[in-house]
Amino acid sequence: MTRTNLPDDIARRLARPLRRTLAGLWAERTARAFWPLATVVMALGALMLSGMLAIWPGRLGQTLLALLALLGLAALGQGIRTFRVPNRREALARLDATLPGAPITTLTDTQAIGAKDPASAAVWAAHRAREAARLDGLRAPAPNPGLPRRDPFALRLIAATALAVALVFGAGTERGDLAALMPGSAEAALSQSSWEGWIEPPSYTGKPTLYLADQPPGQLEVPSGARVTLRLYGKLGEIDIAETYSDDRTEEAAASHLFKIDGDGQLRIGKDTWDIVAIPDAPPRIQTSGDLTRTLDGEMRLPFAASDDYGVSAGRARIALDLPRVERRHGLAPSPEPRTPITVDLPMPYRGDRSEIEEMLIDNLAEHPWAELAVTVTLSATDAAGQTGESAPVEIVLPGRRFLNPLARAIVEQRRDILWTIENAPRVARVLRAISNRPEELFADDNQYLQLRTAVRELESDDLTAETRDETADALWQIAVEIEDGSLTDALERLRQARERLSEAMRQGATPEELAELMQEYRDAMRDYMEELARREPENRTDEPDQGEGMEMSQQDLQELMDRIEELMQEGRMDEAQQLLDMLQQMMENMQMTEGASGQQGQSPGEQSMEGLAETLRDQRGLSDEAFRDLQEQMNPGAQPGESGENTGRDGGEGRGRDHGGEGGEPAEPGGEPGGGSAQSLSDRQRALEDELSRQRDNLPGAGTPEGDAARESLDRAGRAMDEAADALEQDDIPGALDRQAEAMEALREGMRNLEDSMRREAQSGQDGQQGRLAGDPSGTERSDPLGRRPGGAGASATDGPLEDREDVYRRAQELMEELRRRAGEAERPDIERDYLRRLLDLF
């Protein structure tokens, strides 16, 4: 090509983009001219590498090869004919076309006129400089062969895809297969034989599946019961397989072999041999790991330990009557009726490793005929392979309920005799008639006497059957329990029913109004139960000497626990509310009333101050609840007060129907708003509460001590927060008032804790024994409530935590875990409750 008159500097700047543009033109024209040839070549390669030619008849394969060869020659000729070699001028024109105004062409021009005129020359130079500036960042254009327009059916892409598949999966990609790619060589293509094998251990072992081809020949250890799968490919019979596990061998070759490893043996595949060593599955081991313990209501607790090489899947306890050890006298002298041994499922971990298990069997068999008799307990454990291991029989006395009332104890003993054998029925009837000869001196309730006489008549019947005997035994048990517990049984049953209804409502997602109504029902049942519990005789509340320190709660502790449960329900934290409700129910069934917990006589100044601060805290909490309800009414003006059936803002407070105003909380003024008063009335009540706190702070004992000074500082902060809350209420800033009220309540709690520390320090130092005593503790010693916390004045807790650091905290935690395990193992409980208990066990 002729040399252009581009300046040298411009030519150097264009050298690299120009070469790339020229290369792009070569690629573009080559693709346009020879894409048919490339398509034919890729199709031929895919056909040969796939092995199809070896499978088809030889004539068909040869014809197809010839056709593809002719197409390839035609495509080659067409490509040579249409291909045009690109030159530098074409590349320069292509590059110049990518820029606006064609600056490269402009830079090759020369000035035709006015070249000698300085002004005209300057204009021309400025023009060339502007055009040269456009070359900055010049890039070579990408080639555009336009193949989609020339190949509308995408034949080139189809051929490329077929070639890629043949390269990856075709027969020609493996060594030794190239000779089998030509037409008519199907037999050669299929002459290669291969095999694959897997050893799959039992799933319960947790061992991975072994790929046999990756295992070196020689000794191979495999768990007993593993399953071996062999697959043969190619010509069957080419590979020799021999193994010592199959009994029924056939001469006919098969494409697969399946057998199970049940012992040591040998496996040979071709020239490779594996000496298989079967690892046996040892049976599980189980035994008791501690002594049997019991509770007053007959609950037995027997710790045990089990182990297995791959994990224990299930366990059972078999309880059988140990007749030689039974003292055979009175009603036990006759031969007993045959009874099936008791079978109880052992608790197992829901998650984690089961190779080593330490659990506890918890069950209550107090109503069984063998209660308080000699029995043997045999524990058994089963693994996933079905193997069972048993412990040595353990000789125990099956725990029964401890009856302290002599009449109840006598009735239960006669019940045991009729369950021992029905032949004892006449004798038991005579004994029951004798002990109930003077009912007015024995029975507190006439209904108990009438029920006992009915049971006696049943036993004296001539056609007494085993079914009637069992029903009579159940009736005698109920009579004995009612005599033992007195009227407390009905109150406790109502409490349990109220608790079950509340729990079910929480599980089913009841509305807040329904929950509030059920919570009030639970409060009423709790009050009735507490009244009955207070009337019980002291001997009916005794416990076994080895049961440890009794659990005590005051009325205020119970009230605060129920308030906390209702607060959790209102916040939608149903799981926490259910957990606390279960804990409260368990404590109620085992608690003792704290003597003098609510009394006012003999209180020290510290106790009186603590009780006053507790009352102020309740008043502040109720006032905060009312302010929150006013905020709800402002945000939802369409709601009518009273629609939900619960208090709407004035005498509501923490619980439905409870007035948290206390002595300091004034009722709503007549004629006020439907909520029960205006924001101004709330601010006045807040001021009154602040004044009451100021009076209590001035009379606070413990001045001069670090704890007493800290209590005064906390109450000062509470007073300032109350003052700010009153100001916010006057300005109708309810959100701000709620924040200040929360700060005031927190400061109050801190002050009460500091005051409690001050009282405890004085009690320990002996400076003022009466002032150091805690309310509800006549002995002057500190006792703990059922949650393991030390009680404060007027029953207030010294700590906010559920469990305080002390020596018996682990014992208390263990007792709670044992109770959770026992309830989770009771099959009669609803599935949703057992699932919740299992989640609790998983967490802890």
# chains A, B, ... in the order shown; residues from 1 in each chain; ligands from 1
>>> residues_around(residues="region 395-411 of chain A", least_positions_apart="6", cutoff="9 Å", atoms="only C-alpha atoms", output="PyMOL selection string")
chain A and resi 292-300+319+322+364-368+370-377+432+435+442-443+476-477+479-485+539-540+542
>>> residues_around(residues="Phe628 (chain A)", least_positions_apart="2", cutoff="10 Å", atoms="only C-alpha atoms", output="JSON, numbers by chain")
{"A": [622, 623, 624, 625, 626, 630, 631, 632, 633, 634, 649, 653, 734, 735, 737, 738]}
>>> write_last_selection(atoms="C-alpha atoms", output="compact mmCIF listing (two decimals), in the first residue's frame")
# COMPACT_ATOMS: atom_id res chain seq x y z
CA GLY A 622 -49.25 0.04 88.35
CA LEU A 623 -48.95 3.72 87.47
CA SER A 624 -46.64 2.84 84.59
CA ASP A 625 -49.17 0.29 83.33
CA GLU A 626 -51.91 2.92 83.35
CA ASP A 630 -53.29 5.68 77.86
CA LEU A 631 -50.60 5.61 75.16
CA GLN A 632 -52.35 2.65 73.51
CA GLU A 633 -55.64 4.54 73.53
CA GLN A 634 -53.99 7.55 71.89
CA GLY A 649 -56.09 1.98 82.06
CA GLY A 653 -51.94 -2.59 86.41
CA ILE A 734 -46.30 9.60 77.73
CA PRO A 735 -43.38 7.80 75.98
CA ALA A 737 -42.78 9.36 81.10
CA LEU A 738 -42.64 5.60 80.56
>>> residues_around(residues="Glu692 (chain A)", least_positions_apart="2", cutoff="12 Å", atoms="only C-alpha atoms", output="ChimeraX atom specification")
/A:609,612-613,615-617,619-620,663-665,685-690,694-699,715,718-719,722
>>> closest_residue(among="A:Met42, A:Leu332, A:Ile104, A:Ala498", to="Arg128 (chain A)", atoms="only C-alpha atoms")
A:Ile104
>>> residues_around(residues="Arg821 (chain A)", least_positions_apart="6", cutoff="10 Å", atoms="only C-alpha atoms", output="PyMOL selection string")
chain A and resi 347-349+359-362+815+834+837-838+840-841
>>> residues_around(residues="Leu230 (chain A)", least_positions_apart="3", cutoff="6 Å", atoms="only C-alpha atoms", output="PyMOL selection string")
chain A and resi 196-197+256-257
>>> residues_around(residues="region 570-580 of chain A", least_positions_apart="5", cutoff="9 Å", atoms="only C-alpha atoms", output="PyMOL selection string")
chain A and resi 502-503+506-507+509+512+515-516+561-562+564-565+585+836+840
>>> write_last_selection(atoms="all heavy atoms", output="short mmCIF file (atom, residue, chain, number, x, y, z; two decimals), in the first residue's frame")
data_model
loop_
_atom_site.label_atom_id
_atom_site.label_comp_id
_atom_site.auth_asym_id
_atom_site.auth_seq_id
_atom_site.Cartn_x
_atom_site.Cartn_y
_atom_site.Cartn_z
N LEU A 502 -54.75 -22.92 81.34
CA LEU A 502 -53.91 -21.79 80.95
C LEU A 502 -52.80 -22.23 80.01
O LEU A 502 -52.51 -21.54 79.01
CB LEU A 502 -53.32 -21.14 82.21
CG LEU A 502 -52.49 -19.88 82.01
CD1 LEU A 502 -53.30 -18.79 81.31
CD2 LEU A 502 -51.96 -19.37 83.34
N SER A 503 -52.18 -23.37 80.27
CA SER A 503 -51.12 -23.86 79.38
C SER A 503 -51.68 -24.18 78.00
O SER A 503 -51.06 -23.86 76.97
CB SER A 503 -50.48 -25.11 80.00
OG SER A 503 -49.91 -24.82 81.25
N MET A 506 -52.25 -21.02 76.02
CA MET A 506 -51.01 -20.46 75.49
C MET A 506 -50.53 -21.25 74.28
O MET A 506 -50.05 -20.68 73.30
CB MET A 506 -49.94 -20.43 76.58
CG MET A 506 -50.14 -19.33 77.61
SD MET A 506 -48.71 -19.11 78.71
CE MET A 506 -48.78 -20.62 79.67
N ARG A 507 -50.67 -22.57 74.33
CA ARG A 507 -50.23 -23.39 73.19
C ARG A 507 -51.09 -23.12 71.96
O ARG A 507 -50.61 -23.17 70.84
CB ARG A 507 -50.28 -24.86 73.57
CG ARG A 507 -49.16 -25.33 74.49
CD ARG A 507 -49.10 -26.84 74.55
NE ARG A 507 -50.25 -27.41 75.23
CZ ARG A 507 -50.29 -27.69 76.51
NH1 ARG A 507 -49.25 -27.44 77.28
NH2 ARG A 507 -51.38 -28.22 77.06
N GLY A 509 -52.55 -20.33 71.16
CA GLY A 509 -52.52 -18.93 70.73
C GLY A 509 -53.78 -18.17 71.07
O GLY A 509 -54.36 -17.49 70.21
N PRO A 512 -55.32 -12.10 74.13
CA PRO A 512 -54.94 -11.56 75.44
C PRO A 512 -56.11 -11.51 76.42
O PRO A 512 -55.91 -11.71 77.63
CB PRO A 512 -54.43 -10.15 75.09
CG PRO A 512 -53.98 -10.24 73.68
CD PRO A 512 -54.91 -11.22 73.02
N LEU A 515 -56.53 -15.02 77.80
CA LEU A 515 -55.44 -15.33 78.71
C LEU A 515 -55.61 -14.62 80.04
O LEU A 515 -55.33 -15.18 81.11
CB LEU A 515 -54.10 -14.96 78.07
CG LEU A 515 -53.62 -15.82 76.89
CD1 LEU A 515 -52.34 -15.27 76.31
CD2 LEU A 515 -53.41 -17.26 77.34
N ALA A 516 -56.07 -13.36 79.99
CA ALA A 516 -56.29 -12.62 81.24
C ALA A 516 -57.37 -13.28 82.08
O ALA A 516 -57.26 -13.38 83.31
CB ALA A 516 -56.65 -11.17 80.92
N LEU A 561 -44.48 -13.96 91.33
CA LEU A 561 -44.30 -14.96 90.29
C LEU A 561 -45.47 -14.98 89.32
O LEU A 561 -45.29 -15.04 88.10
CB LEU A 561 -44.12 -16.34 90.92
CG LEU A 561 -42.72 -16.69 91.42
CD1 LEU A 561 -42.72 -18.04 92.11
CD2 LEU A 561 -41.71 -16.69 90.29
N MET A 562 -46.70 -14.90 89.85
CA MET A 562 -47.86 -14.88 88.96
C MET A 562 -47.91 -13.59 88.15
O MET A 562 -48.30 -13.60 86.97
CB MET A 562 -49.14 -15.05 89.79
CG MET A 562 -49.32 -16.46 90.34
SD MET A 562 -50.93 -16.74 91.10
CE MET A 562 -50.74 -15.74 92.59
N ARG A 564 -45.29 -12.02 87.13
CA ARG A 564 -44.28 -12.20 86.09
C ARG A 564 -44.81 -13.10 84.97
O ARG A 564 -44.54 -12.84 83.78
CB ARG A 564 -43.02 -12.80 86.71
CG ARG A 564 -41.89 -13.05 85.71
CD ARG A 564 -41.50 -11.79 85.00
NE ARG A 564 -40.39 -12.01 84.07
CZ ARG A 564 -40.02 -11.16 83.14
NH1 ARG A 564 -40.66 -10.01 82.99
NH2 ARG A 564 -39.00 -11.45 82.35
N ILE A 565 -45.55 -14.13 85.32
CA ILE A 565 -46.13 -15.01 84.29
C ILE A 565 -47.07 -14.22 83.40
O ILE A 565 -47.04 -14.34 82.15
CB ILE A 565 -46.86 -16.19 84.96
CG1 ILE A 565 -45.85 -17.12 85.65
CG2 ILE A 565 -47.68 -16.97 83.94
CD1 ILE A 565 -46.50 -18.20 86.48
N GLN A 585 -46.10 -24.47 89.48
CA GLN A 585 -46.99 -25.57 89.83
C GLN A 585 -46.26 -26.65 90.63
O GLN A 585 -46.77 -27.18 91.60
CB GLN A 585 -47.60 -26.18 88.55
CG GLN A 585 -48.57 -27.31 88.80
CD GLN A 585 -49.86 -26.85 89.43
OE1 GLN A 585 -50.20 -25.68 89.34
NE2 GLN A 585 -50.56 -27.74 90.10
N TYR A 836 -42.04 -29.71 73.93
CA TYR A 836 -41.50 -28.53 74.59
C TYR A 836 -40.50 -28.92 75.68
O TYR A 836 -39.43 -28.32 75.82
CB TYR A 836 -42.65 -27.71 75.20
CG TYR A 836 -42.18 -26.56 76.07
CD1 TYR A 836 -41.57 -25.46 75.51
CD2 TYR A 836 -42.32 -26.61 77.44
CE1 TYR A 836 -41.13 -24.42 76.28
CE2 TYR A 836 -41.88 -25.57 78.24
CZ TYR A 836 -41.28 -24.46 77.65
OH TYR A 836 -40.83 -23.43 78.43
N LEU A 840 -36.42 -28.04 76.07
CA LEU A 840 -35.77 -27.54 77.28
C LEU A 840 -34.56 -28.40 77.64
O LEU A 840 -33.49 -27.88 78.01
CB LEU A 840 -36.76 -27.53 78.44
CG LEU A 840 -37.83 -26.42 78.44
CD1 LEU A 840 -38.71 -26.56 79.67
CD2 LEU A 840 -37.19 -25.05 78.40
#
>>> residues_around(residues="region 275-281 of chain A", least_positions_apart="3", cutoff="10 Å", atoms="only C-alpha atoms", output="list in words")
Thr205, Pro217, Gly218, Gln219, Leu220, Glu221, Val222, Pro223, Ser224, Gly225, Ala226, Ile261, Asp262, Gly263, Asp264, Gly265, Gln266, Leu267, Arg268, Pro284, Asp308, Asp309, Tyr310, Asp383, Ala384, Ala385 and Gln387 of chain A
>>> select_by_dssp(residues="region 369-446 of chain A", states="strand (DSSP E or B)", output="list in words")
Ala374, Val375, Thr376, Val377, Thr378, Leu379, Ser380, Ala381, Thr382, Asp383, Thr388, Gly389, Glu390, Val394, Glu395, Ile396 and Val397 of chain A
>>> select_by_dssp(residues="region 73-160 of chain A", states="alpha helix (DSSP H)", output="MDAnalysis selection string")
chainID A and resid 73:82 88:97 103:108 118:133 147:150 155:160
>>> atom_distance(atom1="CA of Trp195 (chain A)", atom2="CA of Ile239 (chain A)")
8.1 Å
>>> atom_distance(atom1="CA of Gly146 (chain A)", atom2="CA of Arg81 (chain A)")
18.5 Å
>>> closest_residue(among="A:Leu25, A:Leu147, A:Ala614, A:Leu755", to="Ala711 (chain A)", atoms="only C-alpha atoms")
A:Leu755
>>> closest_residue(among="A:Arg618, A:Arg457, A:Arg351, A:Arg339", to="Thr421 (chain A)", atoms="only C-alpha atoms")
A:Arg339
>>> closest_residue(among="A:Leu232, A:Met48, A:Ile286, A:Ala317", to="Leu64 (chain A)", atoms="only C-alpha atoms")
A:Met48
>>> closest_residue(among="A:Ala703, A:Ile422, A:Ala473, A:Ala97", to="Thr454 (chain A)", atoms="only C-alpha atoms")
A:Ala473
